[in-house]
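Notes follow once the structure below has been shown.
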Amino acid sequence: MSQSTKVALVTGAARGIGLAAAKRFLAEGWRVALLDINAETLHAAHAAIAKPHDTIAIECDVSQPDAVALALETVSQHFGRLDALVNNAGIAIFKPILEVTYEDWSRVLAVNLTGPFLCTQAAVPLMRDSGGGAIVNITSISGLRASTLRTAYGTSKAGLAHLTKQQAAELAQLGIRVNAVAPGPVDTAMAKAVHTPEIRADYHDHMPLNRYGLETELAEVIFFLCSDRSSYVTGQVLCVDGGFDSTGIGLPTLRKEMRNS
């Protein structure tokens, strides 16, 4: 690979949407730095990709400034440039509002909101020196619509949606675009583990497309927002949710009536 080959850094890249995004960049001929806090899962994913010349694996807690700075220095030394940053790393603690502890609240905001802030700050100088680029923050429908058990998670993702706009407003002058993707229900390993059949049915009933999204579908949108094909798009929060955010209650009944009319 030449020094002109584009480079992406994906956080939370050991599995799920992050791993799917990393593979999407690689399929387009990019080089990729995969970053994750879970060393075992990260190195297993890196080994499975089996492209040692095009990828590196970096263990990092995105909520720690020193660790983030070291991670970006590693990217700089290994690849010499950075063209895209995907702030995907995140955690979810789902509890009733009166059971959310200070530690729960602090940890969720540290990873989901402070993490993208720190990673972006550390990445911008390298991205600027590479001629500009694109940042995609992975927020959530839970940051746009309130729901039960999501006091910390939803608030962190709402903050990330606004941080996206702040970053877009200031970084445009450096040739850096910043957008966010807000996934709806996605068929990740985590969703399969915690969403009961009843919960899945509830989600299906409230989505016009009547299904969960695929990790690869999210990766397509993430790559688009990092590519030159979206060169006039910045400061946007794009819902990739099967229509979940656009609809209200009563739609399942209305759809049945329409089919029967």
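Naming works like this for the structure tokens: A, B, ... for the chains as they're shown, residue 1 at the start of each chain, ligands 1 onward in shown order.
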
Range 21-33 of chain A surroundings by only C-alpha atoms, 7 Å radius, close-in-sequence under 6 positions cut, as a PyMOL selection string:
chain A and resi 5-10+13+54-57+75+219+222-223

Generate a file of the selected residues that holds N, CA and C atoms, formatted as a PDB file, in the first residue's frame.
```pdb
ATOM      1  N   THR A   5      -2.762   5.772   0.181  1.00  0.00           N
ATOM      2  CA  THR A   5      -3.933   4.955   0.497  1.00  0.00           C
ATOM      3  C   THR A   5      -4.624   5.499   1.732  1.00  0.00           C
ATOM      4  N   LYS A   6      -5.921   5.663   1.652  1.00  0.00           N
ATOM      5  CA  LYS A   6      -6.660   6.270   2.756  1.00  0.00           C
ATOM      6  C   LYS A   6      -6.697   5.355   3.972  1.00  0.00           C
ATOM      7  N   VAL A   7      -6.815   5.995   5.147  1.00  0.00           N
ATOM      8  CA  VAL A   7      -6.782   5.284   6.424  1.00  0.00           C
ATOM      9  C   VAL A   7      -7.990   5.675   7.259  1.00  0.00           C
ATOM     10  N   ALA A   8      -8.619   4.688   7.872  1.00  0.00           N
ATOM     11  CA  ALA A   8      -9.735   4.912   8.778  1.00  0.00           C
ATOM     12  C   ALA A   8      -9.398   4.356  10.163  1.00  0.00           C
ATOM     13  N   LEU A   9      -9.843   5.039  11.182  1.00  0.00           N
ATOM     14  CA  LEU A   9      -9.771   4.550  12.557  1.00  0.00           C
ATOM     15  C   LEU A   9     -11.192   4.299  13.029  1.00  0.00           C
ATOM     16  N   VAL A  10     -11.458   3.078  13.457  1.00  0.00           N
ATOM     17  CA  VAL A  10     -12.789   2.706  13.935  1.00  0.00           C
ATOM     18  C   VAL A  10     -12.677   2.291  15.386  1.00  0.00           C
ATOM     19  N   ALA A  13     -14.228  -1.583  17.503  1.00  0.00           N
ATOM     20  CA  ALA A  13     -14.153  -2.316  16.236  1.00  0.00           C
ATOM     21  C   ALA A  13     -14.041  -3.818  16.400  1.00  0.00           C
ATOM     22  N   ASP A  54      -2.616  -4.184   6.100  1.00  0.00           N
ATOM     23  CA  ASP A  54      -3.620  -3.131   5.945  1.00  0.00           C
ATOM     24  C   ASP A  54      -4.288  -2.737   7.254  1.00  0.00           C
ATOM     25  N   THR A  55      -4.023  -3.469   8.322  1.00  0.00           N
ATOM     26  CA  THR A  55      -4.739  -3.236   9.579  1.00  0.00           C
ATOM     27  C   THR A  55      -3.782  -3.265  10.764  1.00  0.00           C
ATOM     28  N   ILE A  56      -4.186  -2.561  11.822  1.00  0.00           N
ATOM     29  CA  ILE A  56      -3.542  -2.689  13.127  1.00  0.00           C
ATOM     30  C   ILE A  56      -4.636  -2.761  14.184  1.00  0.00           C
ATOM     31  N   ALA A  57      -4.319  -3.409  15.286  1.00  0.00           N
ATOM     32  CA  ALA A  57      -5.247  -3.513  16.418  1.00  0.00           C
ATOM     33  C   ALA A  57      -4.681  -2.715  17.581  1.00  0.00           C
ATOM     34  N   VAL A  75      -1.402   5.277  15.351  1.00  0.00           N
ATOM     35  CA  VAL A  75      -1.924   5.387  13.988  1.00  0.00           C
ATOM     36  C   VAL A  75      -0.978   6.219  13.135  1.00  0.00           C
ATOM     37  N   ALA A 219     -22.967  -0.283   8.207  1.00  0.00           N
ATOM     38  CA  ALA A 219     -21.625  -0.058   7.676  1.00  0.00           C
ATOM     39  C   ALA A 219     -21.665   0.660   6.333  1.00  0.00           C
ATOM     40  N   ILE A 222     -22.222   4.342   7.086  1.00  0.00           N
ATOM     41  CA  ILE A 222     -21.015   4.903   7.698  1.00  0.00           C
ATOM     42  C   ILE A 222     -19.958   5.157   6.630  1.00  0.00           C
ATOM     43  N   PHE A 223     -19.744   4.179   5.771  1.00  0.00           N
ATOM     44  CA  PHE A 223     -18.741   4.359   4.724  1.00  0.00           C
ATOM     45  C   PHE A 223     -19.126   5.493   3.783  1.00  0.00           C
TER      46      PHE A 223
END
```

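Backbone DSSP over range 95-209 of chain A gives strand (DSSP E) for Gly133, Ala134, Ile135, Val136, Asn137, Ile138, Ile176, Arg177, Val178, Asn179, Ala180, Val181, Ala182 and Pro183 of chain A.
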
For Leu82 in chain A, work out the shell of residues within 12 Å, counting only C-alpha atoms and skipping chain neighbours fewer than 4 positions away, then give it as a PDB file with N, CA and C atoms, in the first residue's frame.
```pdb
ATOM      1  N   GLN A   3       1.615   5.469   0.499  1.00  0.00           N
ATOM      2  CA  GLN A   3       1.280   6.446   1.538  1.00  0.00           C
ATOM      3  C   GLN A   3       0.003   7.203   1.202  1.00  0.00           C
ATOM      4  N   SER A   4      -0.420   7.133  -0.062  1.00  0.00           N
ATOM      5  CA  SER A   4      -1.640   7.842  -0.454  1.00  0.00           C
ATOM      6  C   SER A   4      -2.902   7.042  -0.191  1.00  0.00           C
ATOM      7  N   THR A   5      -2.762   5.772   0.181  1.00  0.00           N
ATOM      8  CA  THR A   5      -3.933   4.955   0.497  1.00  0.00           C
ATOM      9  C   THR A   5      -4.624   5.499   1.732  1.00  0.00           C
ATOM     10  N   LYS A   6      -5.921   5.663   1.652  1.00  0.00           N
ATOM     11  CA  LYS A   6      -6.660   6.270   2.756  1.00  0.00           C
ATOM     12  C   LYS A   6      -6.697   5.355   3.972  1.00  0.00           C
ATOM     13  N   VAL A   7      -6.815   5.995   5.147  1.00  0.00           N
ATOM     14  CA  VAL A   7      -6.782   5.284   6.424  1.00  0.00           C
ATOM     15  C   VAL A   7      -7.990   5.675   7.259  1.00  0.00           C
ATOM     16  N   ALA A   8      -8.619   4.688   7.872  1.00  0.00           N
ATOM     17  CA  ALA A   8      -9.735   4.912   8.778  1.00  0.00           C
ATOM     18  C   ALA A   8      -9.398   4.356  10.163  1.00  0.00           C
ATOM     19  N   LEU A   9      -9.843   5.039  11.182  1.00  0.00           N
ATOM     20  CA  LEU A   9      -9.771   4.550  12.557  1.00  0.00           C
ATOM     21  C   LEU A   9     -11.192   4.299  13.029  1.00  0.00           C
ATOM     22  N   VAL A  10     -11.458   3.078  13.457  1.00  0.00           N
ATOM     23  CA  VAL A  10     -12.789   2.706  13.935  1.00  0.00           C
ATOM     24  C   VAL A  10     -12.677   2.291  15.386  1.00  0.00           C
ATOM     25  N   TRP A  30      -9.183   0.695   1.653  1.00  0.00           N
ATOM     26  CA  TRP A  30      -8.611   1.522   2.713  1.00  0.00           C
ATOM     27  C   TRP A  30      -7.766   0.652   3.644  1.00  0.00           C
ATOM     28  N   ARG A  31      -6.914   1.303   4.415  1.00  0.00           N
ATOM     29  CA  ARG A  31      -6.268   0.669   5.551  1.00  0.00           C
ATOM     30  C   ARG A  31      -7.031   1.074   6.802  1.00  0.00           C
ATOM     31  N   VAL A  32      -7.022   0.211   7.814  1.00  0.00           N
ATOM     32  CA  VAL A  32      -7.895   0.428   8.974  1.00  0.00           C
ATOM     33  C   VAL A  32      -7.163   0.146  10.285  1.00  0.00           C
ATOM     34  N   ALA A  33      -7.326   1.061  11.226  1.00  0.00           N
ATOM     35  CA  ALA A  33      -6.911   0.838  12.610  1.00  0.00           C
ATOM     36  C   ALA A  33      -8.149   0.447  13.405  1.00  0.00           C
ATOM     37  N   LEU A  72      -3.681   7.445  18.925  1.00  0.00           N
ATOM     38  CA  LEU A  72      -3.540   8.252  17.708  1.00  0.00           C
ATOM     39  C   LEU A  72      -2.082   8.376  17.298  1.00  0.00           C
ATOM     40  N   GLU A  73      -1.181   8.389  18.269  1.00  0.00           N
ATOM     41  CA  GLU A  73       0.239   8.392  17.940  1.00  0.00           C
ATOM     42  C   GLU A  73       0.618   7.087  17.238  1.00  0.00           C
ATOM     43  N   THR A  74       0.019   5.988  17.667  1.00  0.00           N
ATOM     44  CA  THR A  74       0.263   4.699  17.018  1.00  0.00           C
ATOM     45  C   THR A  74      -0.215   4.716  15.575  1.00  0.00           C
ATOM     46  N   VAL A  75      -1.402   5.277  15.351  1.00  0.00           N
ATOM     47  CA  VAL A  75      -1.924   5.387  13.988  1.00  0.00           C
ATOM     48  C   VAL A  75      -0.978   6.219  13.135  1.00  0.00           C
ATOM     49  N   SER A  76      -0.522   7.330  13.675  1.00  0.00           N
ATOM     50  CA  SER A  76       0.368   8.220  12.945  1.00  0.00           C
ATOM     51  C   SER A  76       1.673   7.521  12.573  1.00  0.00           C
ATOM     52  N   GLN A  77       2.249   6.810  13.527  1.00  0.00           N
ATOM     53  CA  GLN A  77       3.524   6.137  13.282  1.00  0.00           C
ATOM     54  C   GLN A  77       3.379   4.983  12.295  1.00  0.00           C
ATOM     55  N   HIS A  78       2.243   4.277  12.382  1.00  0.00           N
ATOM     56  CA  HIS A  78       2.070   3.078  11.554  1.00  0.00           C
ATOM     57  C   HIS A  78       1.632   3.416  10.129  1.00  0.00           C
ATOM     58  N   VAL A  86     -14.327   6.852  12.902  1.00  0.00           N
ATOM     59  CA  VAL A  86     -15.671   6.388  13.253  1.00  0.00           C
ATOM     60  C   VAL A  86     -15.714   6.199  14.763  1.00  0.00           C
ATOM     61  N   THR A 120     -11.888  12.631  18.793  1.00  0.00           N
ATOM     62  CA  THR A 120     -11.910  13.647  17.743  1.00  0.00           C
ATOM     63  C   THR A 120     -10.808  14.671  17.956  1.00  0.00           C
ATOM     64  N   ALA A 122      -8.003  14.300  19.432  1.00  0.00           N
ATOM     65  CA  ALA A 122      -6.701  13.695  19.161  1.00  0.00           C
ATOM     66  C   ALA A 122      -6.500  13.406  17.677  1.00  0.00           C
ATOM     67  N   ALA A 123      -7.589  13.132  16.968  1.00  0.00           N
ATOM     68  CA  ALA A 123      -7.489  12.740  15.561  1.00  0.00           C
ATOM     69  C   ALA A 123      -7.373  13.931  14.616  1.00  0.00           C
ATOM     70  N   VAL A 124      -7.937  15.060  14.998  1.00  0.00           N
ATOM     71  CA  VAL A 124      -8.026  16.196  14.079  1.00  0.00           C
ATOM     72  C   VAL A 124      -6.672  16.669  13.559  1.00  0.00           C
ATOM     73  N   PRO A 125      -5.638  16.825  14.391  1.00  0.00           N
ATOM     74  CA  PRO A 125      -4.358  17.285  13.833  1.00  0.00           C
ATOM     75  C   PRO A 125      -3.812  16.368  12.742  1.00  0.00           C
ATOM     76  N   LEU A 126      -3.888  15.053  12.946  1.00  0.00           N
ATOM     77  CA  LEU A 126      -3.415  14.104  11.937  1.00  0.00           C
ATOM     78  C   LEU A 126      -4.293  14.161  10.698  1.00  0.00           C
ATOM     79  N   MET A 127      -5.590  14.263  10.889  1.00  0.00           N
ATOM     80  CA  MET A 127      -6.518  14.344   9.765  1.00  0.00           C
ATOM     81  C   MET A 127      -6.305  15.644   8.985  1.00  0.00           C
ATOM     82  N   ARG A 128      -6.123  16.735   9.699  1.00  0.00           N
ATOM     83  CA  ARG A 128      -5.856  18.026   9.055  1.00  0.00           C
ATOM     84  C   ARG A 128      -4.593  17.955   8.209  1.00  0.00           C
ATOM     85  N   ASP A 129      -3.544  17.376   8.770  1.00  0.00           N
ATOM     86  CA  ASP A 129      -2.273  17.283   8.052  1.00  0.00           C
ATOM     87  C   ASP A 129      -2.333  16.320   6.880  1.00  0.00           C
ATOM     88  N   SER A 130      -3.372  15.469   6.861  1.00  0.00           N
ATOM     89  CA  SER A 130      -3.565  14.539   5.750  1.00  0.00           C
ATOM     90  C   SER A 130      -4.429  15.148   4.649  1.00  0.00           C
ATOM     91  N   GLY A 131      -4.838  16.410   4.834  1.00  0.00           N
ATOM     92  CA  GLY A 131      -5.635  17.092   3.823  1.00  0.00           C
ATOM     93  C   GLY A 131      -7.120  17.133   4.106  1.00  0.00           C
ATOM     94  N   GLY A 132      -7.513  16.794   5.336  1.00  0.00           N
ATOM     95  CA  GLY A 132      -8.928  16.794   5.694  1.00  0.00           C
ATOM     96  C   GLY A 132      -9.478  15.386   5.794  1.00  0.00           C
ATOM     97  N   GLY A 133     -10.784  15.291   5.930  1.00  0.00           N
ATOM     98  CA  GLY A 133     -11.384  13.961   6.045  1.00  0.00           C
ATOM     99  C   GLY A 133     -12.783  14.030   6.596  1.00  0.00           C
ATOM    100  N   ALA A 134     -13.210  12.934   7.223  1.00  0.00           N
ATOM    101  CA  ALA A 134     -14.585  12.828   7.704  1.00  0.00           C
ATOM    102  C   ALA A 134     -14.624  12.085   9.027  1.00  0.00           C
ATOM    103  N   ILE A 135     -15.539  12.513   9.871  1.00  0.00           N
ATOM    104  CA  ILE A 135     -15.784  11.862  11.160  1.00  0.00           C
ATOM    105  C   ILE A 135     -17.245  11.452  11.210  1.00  0.00           C
ATOM    106  N   ILE A 176     -12.673  19.138   7.342  1.00  0.00           N
ATOM    107  CA  ILE A 176     -13.158  17.928   8.011  1.00  0.00           C
ATOM    108  C   ILE A 176     -14.669  18.002   8.165  1.00  0.00           C
ATOM    109  N   CYS A 226     -18.203   8.769   5.099  1.00  0.00           N
ATOM    110  CA  CYS A 226     -16.754   8.984   5.154  1.00  0.00           C
ATOM    111  C   CYS A 226     -16.142   9.128   3.770  1.00  0.00           C
TER     112      CYS A 226
END
```

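Proximity ranking of A:Gly16, A:Lys192, A:Gln121, A:Phe79 relative to Glu170 in chain A places A:Gln121 first, based on only C-alpha atoms.
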
Select, from A:Arg15, A:Lys157, A:Arg200, A:Arg211, the residue with the minimum atom-to-atom distance to Ala110 in chain A, counting only C-alpha atoms.
A:Lys157

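From CA of Asp202 in chain A back to CA of Arg145 in chain A, the distance works out to 15.4 Å.
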
So which residues of range 60-234 of chain A fall under helix (DSSP H, G or I) by DSSP, listed as a VMD selection string?
chain A and resid 65 to 79 97 to 99 102 to 129 141 to 143 151 to 174 189 to 194 197 to 205 215 to 226 228 to 230

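Nearest to Asp36 in chain A of all the residues A:Gly213, A:Pro52, A:Gly90, A:Pro65 is A:Gly90, counting only C-alpha atoms.
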
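For the atom pair formed by CA of Ala169 in chain A and CA of Tyr232 in chain A, the distance is 13.4 Å, given to one decimal.
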
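For the pair CA of Thr196 in chain A and CA of Phe244 in chain A, the separation is 18.5 Å.
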
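In terms of minimum interatomic distance to Cys119 in chain A, A:Asp61 ranks closest within A:Asp83, A:Glu215, A:Asp104, A:Asp61, counting only C-alpha atoms.
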
Using only C-alpha atoms, which residue out of A:Leu109, A:Leu149, A:Met207, A:Val178 lies closest to Lys95 in chain A?
A:Leu149

Show which residues sit within 10 Å of Val100 in chain A, as a PyMOL selection string. Count only C-alpha atoms, and ignore same-chain residues fewer than 6 positions away.
chain A and resi 93-94+149-152

Selection near Glu59 in chain A, 9 Å with only C-alpha atoms, sequence-local residues under 3 positions removed, as a PDB file with N, CA and C atoms, in the first residue's frame:
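Everything below was put into around26.pdb:
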```pdb
ATOM      1  N   LEU A  34      -8.116  -0.756  13.978  1.00  0.00           N
ATOM      2  CA  LEU A  34      -9.234  -1.246  14.782  1.00  0.00           C
ATOM      3  C   LEU A  34      -8.901  -0.996  16.246  1.00  0.00           C
ATOM      4  N   LEU A  35      -9.765  -0.276  16.930  1.00  0.00           N
ATOM      5  CA  LEU A  35      -9.531   0.079  18.331  1.00  0.00           C
ATOM      6  C   LEU A  35     -10.657  -0.467  19.189  1.00  0.00           C
ATOM      7  N   ASP A  36     -10.304  -1.049  20.334  1.00  0.00           N
ATOM      8  CA  ASP A  36     -11.322  -1.583  21.236  1.00  0.00           C
ATOM      9  C   ASP A  36     -10.718  -1.755  22.625  1.00  0.00           C
ATOM     10  N   ILE A  37     -11.563  -1.758  23.635  1.00  0.00           N
ATOM     11  CA  ILE A  37     -11.107  -1.955  25.012  1.00  0.00           C
ATOM     12  C   ILE A  37     -10.939  -3.434  25.348  1.00  0.00           C
ATOM     13  N   ASN A  38     -11.661  -4.294  24.624  1.00  0.00           N
ATOM     14  CA  ASN A  38     -11.636  -5.732  24.889  1.00  0.00           C
ATOM     15  C   ASN A  38     -10.524  -6.382  24.077  1.00  0.00           C
ATOM     16  N   ALA A  39      -9.391  -6.611  24.731  1.00  0.00           N
ATOM     17  CA  ALA A  39      -8.198  -7.078  24.022  1.00  0.00           C
ATOM     18  C   ALA A  39      -8.417  -8.418  23.341  1.00  0.00           C
ATOM     19  N   LEU A  42     -10.772  -8.118  20.383  1.00  0.00           N
ATOM     20  CA  LEU A  42     -10.125  -7.287  19.366  1.00  0.00           C
ATOM     21  C   LEU A  42      -9.098  -8.085  18.573  1.00  0.00           C
ATOM     22  N   HIS A  43      -8.221  -8.780  19.259  1.00  0.00           N
ATOM     23  CA  HIS A  43      -7.158  -9.498  18.557  1.00  0.00           C
ATOM     24  C   HIS A  43      -7.703 -10.702  17.793  1.00  0.00           C
ATOM     25  N   ALA A  67      -4.619   7.403  27.032  1.00  0.00           N
ATOM     26  CA  ALA A  67      -4.725   6.219  26.178  1.00  0.00           C
ATOM     27  C   ALA A  67      -5.133   6.602  24.760  1.00  0.00           C
ATOM     28  N   ALA A  71      -3.030   6.090  21.313  1.00  0.00           N
ATOM     29  CA  ALA A  71      -3.620   5.368  20.183  1.00  0.00           C
ATOM     30  C   ALA A  71      -3.447   6.148  18.884  1.00  0.00           C
TER      31      ALA A  71
END
```

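Shortest atom-to-atom contact with Gln166 in chain A among A:Gly235, A:Gly243, A:Gly80, A:Gly18: A:Gly235, counting only C-alpha atoms.
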
Residues at most 12 Å from Tyr203 in chain A, counting only C-alpha atoms, excluding those fewer than 4 positions away in the same chain, as a VMD selection string?
chain A and resid 184 to 187 191 195 to 199 207 to 213 241 to 245 247 to 249 251 to 252
